[in-house]
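Trainee: Mind having a look at this structure? Questions to follow.
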Amino acid sequence: MATGASRTVELKIVHISLKPDRNQFIEAQVKSGKYSSVDEVIAAALELL
């Protein structure tokens, strides 16, 4: 019987500065329910690069 492997992910805190319009866009994406956090919005944007 196989057991699930535990995977540790190391997180690094990074602070970024955003122009107000970009910050409002990100907040609107979270508020709309499409994403559950700012982190998810940023991750989705980075995957598009």
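By convention here, the chains of the structure tokens are called A, B, ... in the order presented, each chain's residues are numbered starting at 1, and ligands are numbered starting at 1 in the order presented.
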At a cut-off of 12 Å, using only C-alpha atoms, what residues contact Asp39 (chain A)? Leave out same-chain residues fewer than 2 positions from it and give the result as a PyMOL selection string.
Mentor: chain A and resi 11+13-16+26-27+29-30+35-37+41-46
Trainee: Those same residues - C-alpha atoms - I'd like them written as an mmCIF file, in the first residue's frame.
Mentor:
data_model
loop_
_atom_site.group_PDB
_atom_site.id
_atom_site.type_symbol
_atom_site.label_atom_id
_atom_site.label_comp_id
_atom_site.auth_asym_id
_atom_site.auth_seq_id
_atom_site.Cartn_x
_atom_site.Cartn_y
_atom_site.Cartn_z
ATOM 1 C CA LEU A 11 8.337 30.159 1.180
ATOM 2 C CA ILE A 13 8.426 36.704 1.709
ATOM 3 C CA VAL A 14 8.894 39.339 -0.982
ATOM 4 C CA HIS A 15 7.573 42.878 -0.761
ATOM 5 C CA ILE A 16 6.607 44.618 -3.988
ATOM 6 C CA ILE A 26 -5.553 42.669 -8.062
ATOM 7 C CA GLU A 27 -7.932 43.462 -5.213
ATOM 8 C CA GLN A 29 -9.835 39.924 -8.858
ATOM 9 C CA VAL A 30 -9.862 38.615 -5.292
ATOM 10 C CA TYR A 35 -9.028 34.073 -6.883
ATOM 11 C CA SER A 36 -8.977 33.435 -3.152
ATOM 12 C CA SER A 37 -5.917 35.568 -2.399
ATOM 13 C CA VAL A 41 -3.482 36.482 -8.595
ATOM 14 C CA ILE A 42 0.263 37.144 -8.642
ATOM 15 C CA ALA A 43 1.027 33.437 -9.227
ATOM 16 C CA ALA A 44 -1.403 33.323 -12.179
ATOM 17 C CA ALA A 45 0.163 36.460 -13.654
ATOM 18 C CA LEU A 46 3.682 35.052 -13.323
#
Trainee: How far is it from CA of Lys12 (chain A) to CA of Ser32 (chain A), in Å with one decimal?
Mentor: 26.9 Å
Trainee: Can you pull out every residue from region 6-47 of chain A that DSSP, working from the backbone, puts in alpha helix (DSSP H), and format the result as an MDAnalysis selection string?
Mentor: chainID A and resid 20:31 38:47
Trainee: Expressed in Å to a single decimal, how great is the separation between CA of Thr8 (chain A) and CA of Lys34 (chain A)?
Mentor: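 CA of Lys34 (chain A) lies 26.6 Å from CA of Thr8 (chain A).
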